[in-house]
Each structure stands twice: as C-alpha cells, then as structure tokens.
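Visitor: Structure in structure tokens, see below.
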Amino acid sequence: MTIRRLAAVAALVGLATVGCAPVQSGPSNSANDAKDGTLRVWLFDEVNRAPKEAVVNEAIKEFTAAHAGVTVDVQYIQVNSRAERFKAAFSDAKSAPDVAEFGNTDLANYVAAGGFADLSGDLSGWSEAADFAPKILDTGKVDGKTYGLPWFVGVRALYYRTDVFTELGLQPPKTLAELAPLARQIRKAKPELYGISVGGKYTYGMLPFVWSAGGDLAKAEGGKFAAAVDSAQSRAGLGRYAELISDDICPPSACAPNGGDASVQAFVSGKAAMTIGGDFNRKAVEAGAVKGKFAVVPLPGETAGSIAPAFAGGNLLGITRSTERRTLAKEFLQVLAGKKYQRKMYAAMGNLPTFTDVQREVSGSDEFTKPFIATLEAGTRFVPVTPAWAKIDAQTVLPNMIQQVVTKAKTVDQATAEAAKLMNTAFTS
C-alpha cells in the first residue's frame, strides 16, 4: 500500500506497510441515499499536509459547486492509528465516514470485515475507469469485485550516484546477477560508501529478487493460500538479496536492522552509491546530499533488458457500506480519484497516477518518472489478497525471515521454512 508513501513523507524516505489487527464485521448496506447534507471523508494525514490538502480542497470546491445543499467534511487521520479508527467505524455507522482513503494491503481485511461497498457497478458507468492500469486496478479487488479505486501507485527502482559511477567508469547493472559484484567493486574503490544500501528488514526491497527468480510469497490452491517462500526459486531470490548485506557491500552491523526508510536515508545522506527506492522518495533525495548527483533506472531482472517485478504499493479510495449518501459518495469519489485530480496530486505530491494514459503523459514530460513507469508497464506483483495477510504483516514474518538470514542466525532454508510455517498457520486460521 502506500501507507508507504505516507511513511516516506514522515521519515523522508520509503515504505513499510504496517499490518492491522483483524476488524469486526461491519454494518449492512444502508437503505438511505440522501442527496444533501454532509459527506464525511477520511484521508491520511502527512507531515507536510498542505500540498495534499490544497488539491483536496479544490476538488471539494468543484464538487460542492455542482451539488447544492451538500458540504464535505474531511478528517485527516493518522496512519498508525488507522486500524483502531476503521475497526470502530465498521462497528458503528455513526462514527464511519462515507468515503475513505486506505492502503491497498489492508483491503482484504477490511472487505472481510464488511467495511466497504462493492464498486464494480460504478466502474461500468464511469468512462474514465476503462483507463485504469489493469494490474493497479487489481490491487483494489477481492474475489473479482472492486472495493477501492486506486488513487496513486508507488513502485521502486534503482537509484545510483552519477558522480561515483562517472569517476569509476561504471554503468548501472543490466541484470540482477551483476548487482552484487558492481556494489562490491564500488565499496572496494570507495570504502567510505556502501556499495548499495539495503536492509535486513526491507521487505519490499527484497521481493523483486524473489519474484525475478521465479519465486513467490504464496500460491493459491483450491481457493486457499499456501506459503511459497520456501520454494527453491524463492530461496534463490532471497539468497541473492542477502548477498548484498555483507561487509564488502553493506555491512550487516549497519544494514541488517534497516527497513526501507533507513536504507534510502543512507543514500539520501550520501553514504551509499546505490539504493532501491520509490518514486515517492524523490523529494527527499533531491533535498539531500546527493542532489544533482543521482539518476534512476529500473531494477533489472534475470536477463539483460528485463525489469524485476516490483511490489505495487499505493492507496485506494472507497465507499463504506454503511453510508447513507451512496450516490454523493460515488460522485465525489469519481472527482477525487479521477484523471484531473490525479494530475494535480502528481504535481503537488509526486504521486504516480493510476491511469495508463496519464502515466504516459507525466513520463513524457518528466524524465525522473520514466524508470518507474517502465517498471509499472513491465508488470508489478502484489501480496496475497486475503485477510490473513494482516496477521502475517503484523507478525513481521517476512522482515524477521530476511534478518535471520543476513545476520546468519539461520540459513536460508531454515528461515524460509519457519516463515512458511507461520504463514500457513495464518492462512488456515
């Protein structure tokens, strides 16, 4: 999700999706559909809310001008307290918003709780919906039904220091296999730098290695999920990622405890020659010690010219099942999530749009976005769409697995076997 995006703003860098506890079943659909009154909206807060709020206020002004007798009340809620807020809202319609922003990895849990309305029929009557990037729209679906409209998407690519690469006569890696030797070469030539900054808790940095190797988090079998992190392919991908956290690249003493935020921050502060960062890290990098001395390329895959699959993070906008203003909620959703305001959010916040034509539009006018759009077009991946993922996420199963390997507390086989056991317990509970 891009709770990642919000954490990035707060910490100047990356995404670690925070898991939430399962929530209770929500109220049934309301029979009311008022066409006036106050539309209640929950959006995520940010450290620097002003640019986001300005765009939202503009959308509200346009919407209310076309809807006499309607006001829009926006509450900006904290990401870290969202589980409790949504749990209360799903249990008590009086405390629930009509429209809400939420992370895409939270979706399955919220749908299982009965919290959000099915929007599939709304899409069929909205002309812009045909231009949603299919893989990104899939992050808003559960069992083939759409419960959230993708508001923005976040993916990661390879940031690198152009000054260091020029000085050493180097080129970015063309395959994942080239990454570790290249990082090792840089560290040897410039021991004050990490060859690449990655972390032992950086789940979304690790996943492209697993997916590129043909591995996966889980497989669907007969409508149920079973862990796949212990497959030979997944183990090979994890092993390749773990190789980057070594004394001659990114020392375990410094890098093993790091998640995405700390990994990117090392690059921002000038301590690393490369990192795996998101489009949402742009402003932090441009404000850091490497300003004017960096570039971005897609993280390469197994073969030259290929791109490693990236995690499709991002946030969704949805309508709660308990709303008593269903039509107004739908119409406001289509304004705020539509192309016009996705363009404005991109200009204000750097949020990557979720419509294919708008993605091409912004990449054509902004060189920085091209590697991220190319990564999106190459194909993204997602976590298993099941309420069990909230439990797996909350138990930090994957970060613990990575850290056990990079600290040599366990072998790859041991760590993945333990992680698979914990995941399967969650899937079957």
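So you can find residues: chains in the structure tokens are A, B, ... in the order shown, residues in each start at 1, and ligands are numbered from 1 in order.
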From a backbone DSSP assignment, name each residue in stretch 209-326 of chain A labelled strand (DSSP E or B), as a ChimeraX atom specification.
Guide: /A:218-221,224-227,272,274-278,294-297,300,307,310-311,313-320
Visitor: Let me see the file: selected residues, N, CA and C atoms, as a tab-separated table (two decimals), in the first residue's frame.
Guide:
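Okay, again.tsv is ready:
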chain	number	residue	atom	x	y	z
A	218	ALA	N	3.21	-16.79	-1.87
A	218	ALA	CA	2.24	-17.85	-1.64
A	218	ALA	C	1.61	-18.23	-2.96
A	219	LYS	N	1.01	-19.40	-2.99
A	219	LYS	CA	0.28	-19.88	-4.14
A	219	LYS	C	-1.15	-20.18	-3.74
A	220	ALA	N	-2.08	-19.89	-4.63
A	220	ALA	CA	-3.49	-20.21	-4.39
A	220	ALA	C	-3.75	-21.64	-4.82
A	221	GLU	N	-4.28	-22.42	-3.91
A	221	GLU	CA	-4.59	-23.83	-4.19
A	221	GLU	C	-6.02	-24.12	-3.75
A	224	LYS	N	-7.58	-21.54	-1.62
A	224	LYS	CA	-6.87	-21.25	-0.39
A	224	LYS	C	-5.40	-20.97	-0.70
A	225	PHE	N	-4.76	-20.23	0.20
A	225	PHE	CA	-3.36	-19.90	0.01
A	225	PHE	C	-2.46	-20.86	0.77
A	226	ALA	N	-1.30	-21.14	0.18
A	226	ALA	CA	-0.25	-21.91	0.84
A	226	ALA	C	1.06	-21.19	0.60
A	227	ALA	N	1.89	-21.11	1.62
A	227	ALA	CA	3.15	-20.38	1.53
A	227	ALA	C	4.05	-20.96	0.44
A	272	ALA	N	25.84	6.03	0.49
A	272	ALA	CA	25.73	4.85	-0.36
A	272	ALA	C	25.77	5.23	-1.84
A	274	MET	N	24.30	3.31	-4.20
A	274	MET	CA	23.04	2.88	-4.81
A	274	MET	C	22.04	2.58	-3.70
A	275	THR	N	20.78	2.55	-4.07
A	275	THR	CA	19.74	2.05	-3.18
A	275	THR	C	18.52	1.67	-4.01
A	276	ILE	N	17.62	0.92	-3.41
A	276	ILE	CA	16.35	0.59	-4.05
A	276	ILE	C	15.31	1.50	-3.42
A	277	GLY	N	14.86	2.49	-4.17
A	277	GLY	CA	13.94	3.48	-3.62
A	277	GLY	C	12.72	3.68	-4.49
A	278	GLY	N	11.73	4.33	-3.93
A	278	GLY	CA	10.47	4.54	-4.64
A	278	GLY	C	10.37	5.88	-5.32
A	294	PHE	N	22.45	12.17	-8.90
A	294	PHE	CA	21.87	10.85	-8.92
A	294	PHE	C	20.99	10.67	-10.16
A	295	ALA	N	20.74	9.42	-10.47
A	295	ALA	CA	19.81	9.07	-11.54
A	295	ALA	C	19.10	7.78	-11.12
A	296	VAL	N	18.09	7.41	-11.87
A	296	VAL	CA	17.29	6.23	-11.55
A	296	VAL	C	17.13	5.37	-12.80
A	297	VAL	N	17.25	4.05	-12.64
A	297	VAL	CA	16.95	3.09	-13.70
A	297	VAL	C	16.07	2.01	-13.10
A	300	PRO	N	16.97	-4.19	-12.64
A	300	PRO	CA	16.95	-5.18	-13.72
A	300	PRO	C	16.50	-6.55	-13.24
A	307	ILE	N	13.09	-6.28	-16.56
A	307	ILE	CA	12.89	-5.49	-15.35
A	307	ILE	C	12.32	-6.41	-14.27
A	310	ALA	N	8.13	-5.42	-9.47
A	310	ALA	CA	8.11	-4.59	-8.27
A	310	ALA	C	6.79	-4.74	-7.54
A	311	PHE	N	6.83	-4.53	-6.25
A	311	PHE	CA	5.61	-4.51	-5.45
A	311	PHE	C	4.78	-3.29	-5.82
A	313	GLY	N	2.70	-0.89	-4.58
A	313	GLY	CA	2.15	-0.21	-3.41
A	313	GLY	C	1.19	0.88	-3.83
A	314	GLY	N	0.50	1.45	-2.90
A	314	GLY	CA	-0.40	2.53	-3.22
A	314	GLY	C	-1.59	2.60	-2.30
A	315	ASN	N	-2.37	3.65	-2.44
A	315	ASN	CA	-3.57	3.85	-1.63
A	315	ASN	C	-4.81	3.86	-2.50
A	316	LEU	N	-5.89	3.43	-1.90
A	316	LEU	CA	-7.19	3.34	-2.56
A	316	LEU	C	-8.17	4.32	-1.94
A	317	LEU	N	-9.22	4.62	-2.68
A	317	LEU	CA	-10.36	5.37	-2.16
A	317	LEU	C	-11.59	4.48	-2.27
A	318	GLY	N	-12.34	4.37	-1.19
A	318	GLY	CA	-13.51	3.52	-1.19
A	318	GLY	C	-14.70	4.16	-0.51
A	319	ILE	N	-15.84	3.49	-0.61
A	319	ILE	CA	-17.09	3.95	-0.01
A	319	ILE	C	-17.50	2.92	1.05
A	320	THR	N	-17.81	3.38	2.24
A	320	THR	CA	-18.19	2.45	3.29
A	320	THR	C	-19.60	1.91	3.03
Visitor: Find the residues around stretch 413-426 of chain A up to 12 Å (only C-alpha atoms counted), leave out those fewer than 5 positions away in its own chain, and share them as a PyMOL selection string.
Guide: chain A and resi 22+210+215-220+224-239+384+386-408
Visitor: As a VMD selection string, please: every residue in stretch 205-318 of chain A that a backbone DSSP assignment puts in helix (DSSP H, G or I).
Guide: chain A and resid 205 to 212 232 to 242 252 to 255 260 to 268 279 to 286
Visitor: Those same residues, written as a compact mmCIF listing (two decimals), in the first residue's frame with N, CA, C and O atoms?
Guide:
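Saved file again.txt follows:
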# COMPACT_ATOMS: atom_id res chain seq x y z
N GLY A 205 12.13 -4.21 -0.73
CA GLY A 205 13.37 -4.24 -1.50
C GLY A 205 13.76 -5.65 -1.86
O GLY A 205 14.36 -5.91 -2.91
N MET A 206 13.43 -6.59 -0.99
CA MET A 206 13.76 -8.00 -1.21
C MET A 206 12.85 -8.68 -2.22
O MET A 206 13.29 -9.53 -3.01
N LEU A 207 11.56 -8.35 -2.23
CA LEU A 207 10.60 -9.09 -3.04
C LEU A 207 10.92 -9.15 -4.53
O LEU A 207 10.71 -10.21 -5.16
N PRO A 208 11.42 -8.08 -5.17
CA PRO A 208 11.76 -8.22 -6.59
C PRO A 208 12.77 -9.32 -6.88
O PRO A 208 12.74 -9.93 -7.96
N PHE A 209 13.67 -9.59 -5.94
CA PHE A 209 14.66 -10.65 -6.12
C PHE A 209 13.97 -12.01 -6.12
O PHE A 209 14.32 -12.89 -6.90
N VAL A 210 13.02 -12.18 -5.21
CA VAL A 210 12.27 -13.44 -5.13
C VAL A 210 11.42 -13.63 -6.38
O VAL A 210 11.43 -14.69 -7.02
N TRP A 211 10.68 -12.60 -6.77
CA TRP A 211 9.79 -12.71 -7.93
C TRP A 211 10.59 -12.89 -9.21
O TRP A 211 10.20 -13.66 -10.10
N SER A 212 11.72 -12.18 -9.34
CA SER A 212 12.53 -12.30 -10.54
C SER A 212 13.10 -13.71 -10.70
O SER A 212 13.27 -14.20 -11.82
N ALA A 232 12.35 -23.55 -3.95
CA ALA A 232 13.73 -23.41 -4.39
C ALA A 232 13.96 -22.05 -5.05
O ALA A 232 15.00 -21.40 -4.84
N GLN A 233 12.99 -21.59 -5.84
CA GLN A 233 13.13 -20.31 -6.53
C GLN A 233 13.11 -19.15 -5.54
O GLN A 233 13.91 -18.21 -5.66
N SER A 234 12.21 -19.20 -4.57
CA SER A 234 12.14 -18.13 -3.57
C SER A 234 13.42 -18.08 -2.76
O SER A 234 13.94 -16.99 -2.45
N ARG A 235 13.94 -19.23 -2.40
CA ARG A 235 15.18 -19.28 -1.63
C ARG A 235 16.36 -18.72 -2.43
O ARG A 235 17.21 -18.01 -1.88
N ALA A 236 16.37 -19.00 -3.73
CA ALA A 236 17.44 -18.45 -4.56
C ALA A 236 17.36 -16.93 -4.61
O ALA A 236 18.39 -16.23 -4.52
N GLY A 237 16.15 -16.39 -4.74
CA GLY A 237 15.99 -14.94 -4.77
C GLY A 237 16.36 -14.29 -3.46
O GLY A 237 17.04 -13.25 -3.43
N LEU A 238 15.94 -14.89 -2.35
CA LEU A 238 16.30 -14.36 -1.03
C LEU A 238 17.81 -14.40 -0.83
O LEU A 238 18.41 -13.45 -0.31
N GLY A 239 18.43 -15.49 -1.26
CA GLY A 239 19.88 -15.60 -1.13
C GLY A 239 20.62 -14.53 -1.90
O GLY A 239 21.61 -13.97 -1.42
N ARG A 240 20.14 -14.22 -3.10
CA ARG A 240 20.78 -13.17 -3.90
C ARG A 240 20.63 -11.81 -3.22
O ARG A 240 21.56 -11.00 -3.22
N TYR A 241 19.46 -11.55 -2.64
CA TYR A 241 19.28 -10.29 -1.93
C TYR A 241 20.19 -10.24 -0.70
O TYR A 241 20.84 -9.23 -0.43
N ALA A 242 20.24 -11.33 0.05
CA ALA A 242 21.03 -11.37 1.29
C ALA A 242 22.51 -11.15 1.02
O ALA A 242 23.24 -10.63 1.89
N PRO A 252 26.55 -5.88 7.67
CA PRO A 252 25.41 -6.30 8.49
C PRO A 252 25.28 -5.50 9.79
O PRO A 252 24.17 -5.25 10.24
N SER A 253 26.40 -5.09 10.36
CA SER A 253 26.34 -4.33 11.62
C SER A 253 25.56 -3.03 11.45
O SER A 253 24.92 -2.55 12.39
N ALA A 254 25.61 -2.46 10.26
CA ALA A 254 24.90 -1.21 9.99
C ALA A 254 23.60 -1.44 9.24
O ALA A 254 22.61 -0.72 9.46
N CYS A 255 23.56 -2.44 8.36
CA CYS A 255 22.44 -2.58 7.43
C CYS A 255 21.39 -3.61 7.85
O CYS A 255 20.23 -3.51 7.44
N GLY A 260 13.05 -0.08 4.84
CA GLY A 260 13.15 0.76 3.67
C GLY A 260 13.54 2.19 3.97
O GLY A 260 14.36 2.79 3.25
N ASP A 261 12.99 2.75 5.02
CA ASP A 261 13.29 4.14 5.36
C ASP A 261 14.77 4.36 5.57
O ASP A 261 15.39 5.24 4.96
N ALA A 262 15.37 3.55 6.44
CA ALA A 262 16.78 3.71 6.77
C ALA A 262 17.67 3.39 5.56
O ALA A 262 18.72 4.01 5.38
N SER A 263 17.25 2.43 4.75
CA SER A 263 18.03 2.08 3.57
C SER A 263 18.12 3.25 2.61
O SER A 263 19.20 3.57 2.11
N VAL A 264 17.02 3.89 2.34
CA VAL A 264 17.03 5.02 1.43
C VAL A 264 17.70 6.24 2.06
O VAL A 264 18.38 7.01 1.39
N GLN A 265 17.53 6.40 3.37
CA GLN A 265 18.14 7.53 4.04
C GLN A 265 19.66 7.51 3.93
O GLN A 265 20.30 8.56 3.83
N ALA A 266 20.26 6.32 3.93
CA ALA A 266 21.72 6.23 3.77
C ALA A 266 22.13 6.80 2.42
O ALA A 266 23.18 7.46 2.30
N PHE A 267 21.33 6.56 1.39
CA PHE A 267 21.61 7.13 0.07
C PHE A 267 21.38 8.63 0.08
O PHE A 267 22.20 9.41 -0.43
N VAL A 268 20.28 9.06 0.67
CA VAL A 268 19.95 10.48 0.75
C VAL A 268 21.07 11.27 1.41
O VAL A 268 21.42 12.38 0.99
N ASP A 279 9.41 6.00 -6.20
CA ASP A 279 9.10 7.29 -6.80
C ASP A 279 8.73 8.30 -5.73
O ASP A 279 9.00 9.49 -5.85
N PHE A 280 8.17 7.80 -4.63
CA PHE A 280 7.75 8.66 -3.52
C PHE A 280 8.93 9.19 -2.71
O PHE A 280 8.75 10.03 -1.83
N ASN A 281 10.14 8.71 -2.98
CA ASN A 281 11.34 9.20 -2.29
C ASN A 281 11.98 10.39 -2.99
O ASN A 281 12.99 10.92 -2.52
N ARG A 282 11.42 10.79 -4.08
CA ARG A 282 12.06 11.80 -4.92
C ARG A 282 12.41 13.08 -4.16
O ARG A 282 13.55 13.55 -4.23
N LYS A 283 11.43 13.65 -3.48
CA LYS A 283 11.67 14.94 -2.83
C LYS A 283 12.74 14.83 -1.77
O LYS A 283 13.56 15.74 -1.59
N ALA A 284 12.77 13.72 -1.04
CA ALA A 284 13.79 13.53 -0.01
C ALA A 284 15.18 13.44 -0.63
O ALA A 284 16.13 14.05 -0.13
N VAL A 285 15.29 12.71 -1.72
CA VAL A 285 16.60 12.56 -2.37
C VAL A 285 17.05 13.89 -2.95
O VAL A 285 18.22 14.28 -2.81
N GLU A 286 16.14 14.61 -3.57
CA GLU A 286 16.51 15.90 -4.17
C GLU A 286 16.86 16.95 -3.13
O GLU A 286 17.55 17.93 -3.43
Visitor: Which residue gives the smallest distance to A:Lys190 among A:Tyr202, A:Gly222, A:Ala273, A:Leu39, with only C-alpha atoms counted?
Guide: A:Ala273
Visitor: If we count only C-alpha atoms, what is near stretch 341-354 of chain A at a cut-off of 7 Å, once residues fewer than 5 positions away on the same chain are taken out, given as a tab-separated table (two decimals) with C-alpha atoms, in the first residue's frame?
Guide:
chain	number	residue	atom	x	y	z
A	51	PRO	CA	0.02	20.36	-0.82
A	52	LYS	CA	-2.36	17.42	-0.46
A	55	VAL	CA	-5.69	19.71	-4.03
A	132	PHE	CA	-7.07	2.35	-15.05
A	133	ALA	CA	-3.89	0.28	-15.40
A	136	ILE	CA	-3.08	-1.49	-10.46
A	150	PRO	CA	-6.52	3.26	-7.00
A	151	TRP	CA	-5.69	6.84	-6.07
A	152	PHE	CA	-1.96	6.58	-6.62
A	153	VAL	CA	0.62	3.86	-7.05
A	154	GLY	CA	4.15	3.51	-5.71
A	280	PHE	CA	7.75	8.66	-3.52
A	336	LEU	CA	-11.16	12.96	-6.38
A	359	GLN	CA	1.11	7.77	-16.64
Visitor: What separation in Å, quoted to one decimal, exists between atom CA of A:Arg326 and atom CA of A:Asp131?
Guide: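 Between atom CA of A:Arg326 and atom CA of A:Asp131 the gap works out to 23.5 Å.
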Visitor: Smallest atom-to-atom distance to A:Thr38: which of A:Thr203, A:Gln171, A:Thr162, A:Thr323, using only C-alpha atoms?
Guide: A:Thr323
Visitor: Report as a tab-separated table: every residue of stretch 320-414 of chain A with an atom at most 9 Å from stretch 63-74 of chain A, its closest pair of atoms, and their distance in Å to one decimal, counting only C-alpha atoms, with rows sorted by chain and ascending residue number.
Guide:
residue	atom	partner	partner_atom	distance
A:Leu328	CA	A:His67	CA	8.7
A:Glu331	CA	A:Phe63	CA	8.3
A:Phe332	CA	A:Phe63	CA	6.6
A:Val335	CA	A:Phe63	CA	7.3
Visitor: List as an MDAnalysis selection string the protein and nucleic acid residues near A:Lys174, meaning an atom at most 12 Å away when only C-alpha atoms are counted, but skip any in the same chain fewer than 2 places from it.
Guide: chainID A and resid 158 170:172 176:182 297:308
Visitor: Next, dump the selected residues to file, keeping only N, CA, C and O atoms, as a PDB file, in the first residue's frame.
Guide:
ATOM      1  N   LEU A 158      16.023   1.480  -9.086  1.00  0.00           N
ATOM      2  CA  LEU A 158      17.401   1.571  -8.604  1.00  0.00           C
ATOM      3  C   LEU A 158      17.923   2.996  -8.732  1.00  0.00           C
ATOM      4  O   LEU A 158      18.115   3.500  -9.834  1.00  0.00           O
ATOM      5  N   LEU A 170      31.800   3.380 -14.435  1.00  0.00           N
ATOM      6  CA  LEU A 170      30.854   2.275 -14.305  1.00  0.00           C
ATOM      7  C   LEU A 170      29.526   2.582 -14.995  1.00  0.00           C
ATOM      8  O   LEU A 170      29.182   3.744 -15.238  1.00  0.00           O
ATOM      9  N   GLN A 171      28.782   1.534 -15.270  1.00  0.00           N
ATOM     10  CA  GLN A 171      27.438   1.626 -15.811  1.00  0.00           C
ATOM     11  C   GLN A 171      26.481   0.895 -14.862  1.00  0.00           C
ATOM     12  O   GLN A 171      26.887  -0.032 -14.156  1.00  0.00           O
ATOM     13  N   PRO A 172      25.204   1.289 -14.815  1.00  0.00           N
ATOM     14  CA  PRO A 172      24.240   0.568 -13.973  1.00  0.00           C
ATOM     15  C   PRO A 172      24.163  -0.894 -14.392  1.00  0.00           C
ATOM     16  O   PRO A 172      24.428  -1.227 -15.554  1.00  0.00           O
ATOM     17  N   LEU A 176      20.205  -8.642 -12.456  1.00  0.00           N
ATOM     18  CA  LEU A 176      20.337  -8.724 -11.002  1.00  0.00           C
ATOM     19  C   LEU A 176      21.644  -9.396 -10.596  1.00  0.00           C
ATOM     20  O   LEU A 176      22.214  -9.069  -9.556  1.00  0.00           O
ATOM     21  N   ALA A 177      22.110 -10.336 -11.405  1.00  0.00           N
ATOM     22  CA  ALA A 177      23.362 -11.023 -11.089  1.00  0.00           C
ATOM     23  C   ALA A 177      24.546 -10.072 -11.080  1.00  0.00           C
ATOM     24  O   ALA A 177      25.559 -10.330 -10.408  1.00  0.00           O
ATOM     25  N   GLU A 178      24.449  -8.978 -11.812  1.00  0.00           N
ATOM     26  CA  GLU A 178      25.550  -8.006 -11.866  1.00  0.00           C
ATOM     27  C   GLU A 178      25.549  -7.062 -10.672  1.00  0.00           C
ATOM     28  O   GLU A 178      26.538  -6.362 -10.433  1.00  0.00           O
ATOM     29  N   LEU A 179      24.460  -7.022  -9.918  1.00  0.00           N
ATOM     30  CA  LEU A 179      24.318  -6.002  -8.888  1.00  0.00           C
ATOM     31  C   LEU A 179      25.329  -6.173  -7.758  1.00  0.00           C
ATOM     32  O   LEU A 179      26.008  -5.209  -7.370  1.00  0.00           O
ATOM     33  N   ALA A 180      25.448  -7.358  -7.190  1.00  0.00           N
ATOM     34  CA  ALA A 180      26.370  -7.571  -6.074  1.00  0.00           C
ATOM     35  C   ALA A 180      27.822  -7.338  -6.477  1.00  0.00           C
ATOM     36  O   ALA A 180      28.556  -6.621  -5.763  1.00  0.00           O
ATOM     37  N   PRO A 181      28.313  -7.893  -7.604  1.00  0.00           N
ATOM     38  CA  PRO A 181      29.701  -7.607  -8.000  1.00  0.00           C
ATOM     39  C   PRO A 181      29.962  -6.124  -8.216  1.00  0.00           C
ATOM     40  O   PRO A 181      31.037  -5.616  -7.856  1.00  0.00           O
ATOM     41  N   LEU A 182      28.974  -5.418  -8.789  1.00  0.00           N
ATOM     42  CA  LEU A 182      29.132  -3.987  -9.012  1.00  0.00           C
ATOM     43  C   LEU A 182      29.216  -3.249  -7.682  1.00  0.00           C
ATOM     44  O   LEU A 182      30.094  -2.388  -7.482  1.00  0.00           O
ATOM     45  N   VAL A 297      17.246   4.052 -12.636  1.00  0.00           N
ATOM     46  CA  VAL A 297      16.946   3.090 -13.702  1.00  0.00           C
ATOM     47  C   VAL A 297      16.068   2.007 -13.099  1.00  0.00           C
ATOM     48  O   VAL A 297      16.068   1.797 -11.882  1.00  0.00           O
ATOM     49  N   PRO A 298      15.311   1.297 -13.924  1.00  0.00           N
ATOM     50  CA  PRO A 298      14.554   0.170 -13.378  1.00  0.00           C
ATOM     51  C   PRO A 298      15.496  -0.866 -12.759  1.00  0.00           C
ATOM     52  O   PRO A 298      16.618  -1.064 -13.244  1.00  0.00           O
ATOM     53  N   LEU A 299      15.063  -1.499 -11.694  1.00  0.00           N
ATOM     54  CA  LEU A 299      15.837  -2.601 -11.136  1.00  0.00           C
ATOM     55  C   LEU A 299      15.803  -3.733 -12.161  1.00  0.00           C
ATOM     56  O   LEU A 299      14.723  -4.209 -12.521  1.00  0.00           O
ATOM     57  N   PRO A 300      16.973  -4.188 -12.640  1.00  0.00           N
ATOM     58  CA  PRO A 300      16.955  -5.180 -13.718  1.00  0.00           C
ATOM     59  C   PRO A 300      16.499  -6.554 -13.242  1.00  0.00           C
ATOM     60  O   PRO A 300      16.534  -6.859 -12.044  1.00  0.00           O
ATOM     61  N   GLY A 301      16.096  -7.367 -14.194  1.00  0.00           N
ATOM     62  CA  GLY A 301      15.675  -8.724 -13.900  1.00  0.00           C
ATOM     63  C   GLY A 301      16.783  -9.726 -14.149  1.00  0.00           C
ATOM     64  O   GLY A 301      17.968  -9.404 -14.088  1.00  0.00           O
ATOM     65  N   GLU A 302      16.398 -10.945 -14.486  1.00  0.00           N
ATOM     66  CA  GLU A 302      17.359 -12.027 -14.655  1.00  0.00           C
ATOM     67  C   GLU A 302      18.152 -11.912 -15.957  1.00  0.00           C
ATOM     68  O   GLU A 302      19.304 -12.352 -16.020  1.00  0.00           O
ATOM     69  N   THR A 303      17.565 -11.332 -16.973  1.00  0.00           N
ATOM     70  CA  THR A 303      18.241 -11.205 -18.262  1.00  0.00           C
ATOM     71  C   THR A 303      18.361  -9.739 -18.648  1.00  0.00           C
ATOM     72  O   THR A 303      17.567  -8.897 -18.218  1.00  0.00           O
ATOM     73  N   ALA A 304      19.380  -9.444 -19.448  1.00  0.00           N
ATOM     74  CA  ALA A 304      19.603  -8.067 -19.886  1.00  0.00           C
ATOM     75  C   ALA A 304      18.374  -7.544 -20.608  1.00  0.00           C
ATOM     76  O   ALA A 304      17.814  -8.223 -21.472  1.00  0.00           O
ATOM     77  N   GLY A 305      17.956  -6.351 -20.249  1.00  0.00           N
ATOM     78  CA  GLY A 305      16.783  -5.746 -20.863  1.00  0.00           C
ATOM     79  C   GLY A 305      15.494  -6.017 -20.123  1.00  0.00           C
ATOM     80  O   GLY A 305      14.479  -5.377 -20.410  1.00  0.00           O
ATOM     81  N   SER A 306      15.526  -6.962 -19.187  1.00  0.00           N
ATOM     82  CA  SER A 306      14.316  -7.251 -18.410  1.00  0.00           C
ATOM     83  C   SER A 306      14.278  -6.391 -17.149  1.00  0.00           C
ATOM     84  O   SER A 306      15.291  -5.840 -16.725  1.00  0.00           O
ATOM     85  N   ILE A 307      13.093  -6.282 -16.563  1.00  0.00           N
ATOM     86  CA  ILE A 307      12.888  -5.495 -15.347  1.00  0.00           C
ATOM     87  C   ILE A 307      12.323  -6.412 -14.273  1.00  0.00           C
ATOM     88  O   ILE A 307      11.370  -7.162 -14.519  1.00  0.00           O
ATOM     89  N   ALA A 308      12.920  -6.372 -13.102  1.00  0.00           N
ATOM     90  CA  ALA A 308      12.434  -7.202 -11.998  1.00  0.00           C
ATOM     91  C   ALA A 308      11.039  -6.754 -11.587  1.00  0.00           C
ATOM     92  O   ALA A 308      10.767  -5.548 -11.509  1.00  0.00           O
TER      93      ALA A 308
END
Visitor: Determine, counting only C-alpha atoms, which protein, DNA and RNA residues have an atom within 9 Å of an atom of A:Arg360; residues of the same chain fewer than 5 positions away are not included. Present the result as a PyMOL selection string.
Guide: chain A and resi 355+365+370+373
Visitor: How far is it from atom CA of A:Asn32 to atom CA of A:Glu324, in Å with one decimal?
Guide: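 One can read the atom CA of A:Asn32 to atom CA of A:Glu324 distance as 4.9 Å.
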Visitor: Provide the atom CA of A:Asp143 to atom CA of A:Gly223 distance in Å, to one decimal place.
Guide: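 Atom-to-atom, atom CA of A:Asp143 to atom CA of A:Gly223, that is 9.9 Å.
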Visitor: Can you pull out every residue within 10 Å of A:Gln334, counting only C-alpha atoms, but drop anything in the same chain fewer than 5 positions away, and send it as a list in words?
Guide: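 The residues that qualify are Asp122, Leu123, Trp126, Glu128, Ala129, Leu149, Leu317, Leu328, Ala329, Lys339 and Tyr341 of chain A.
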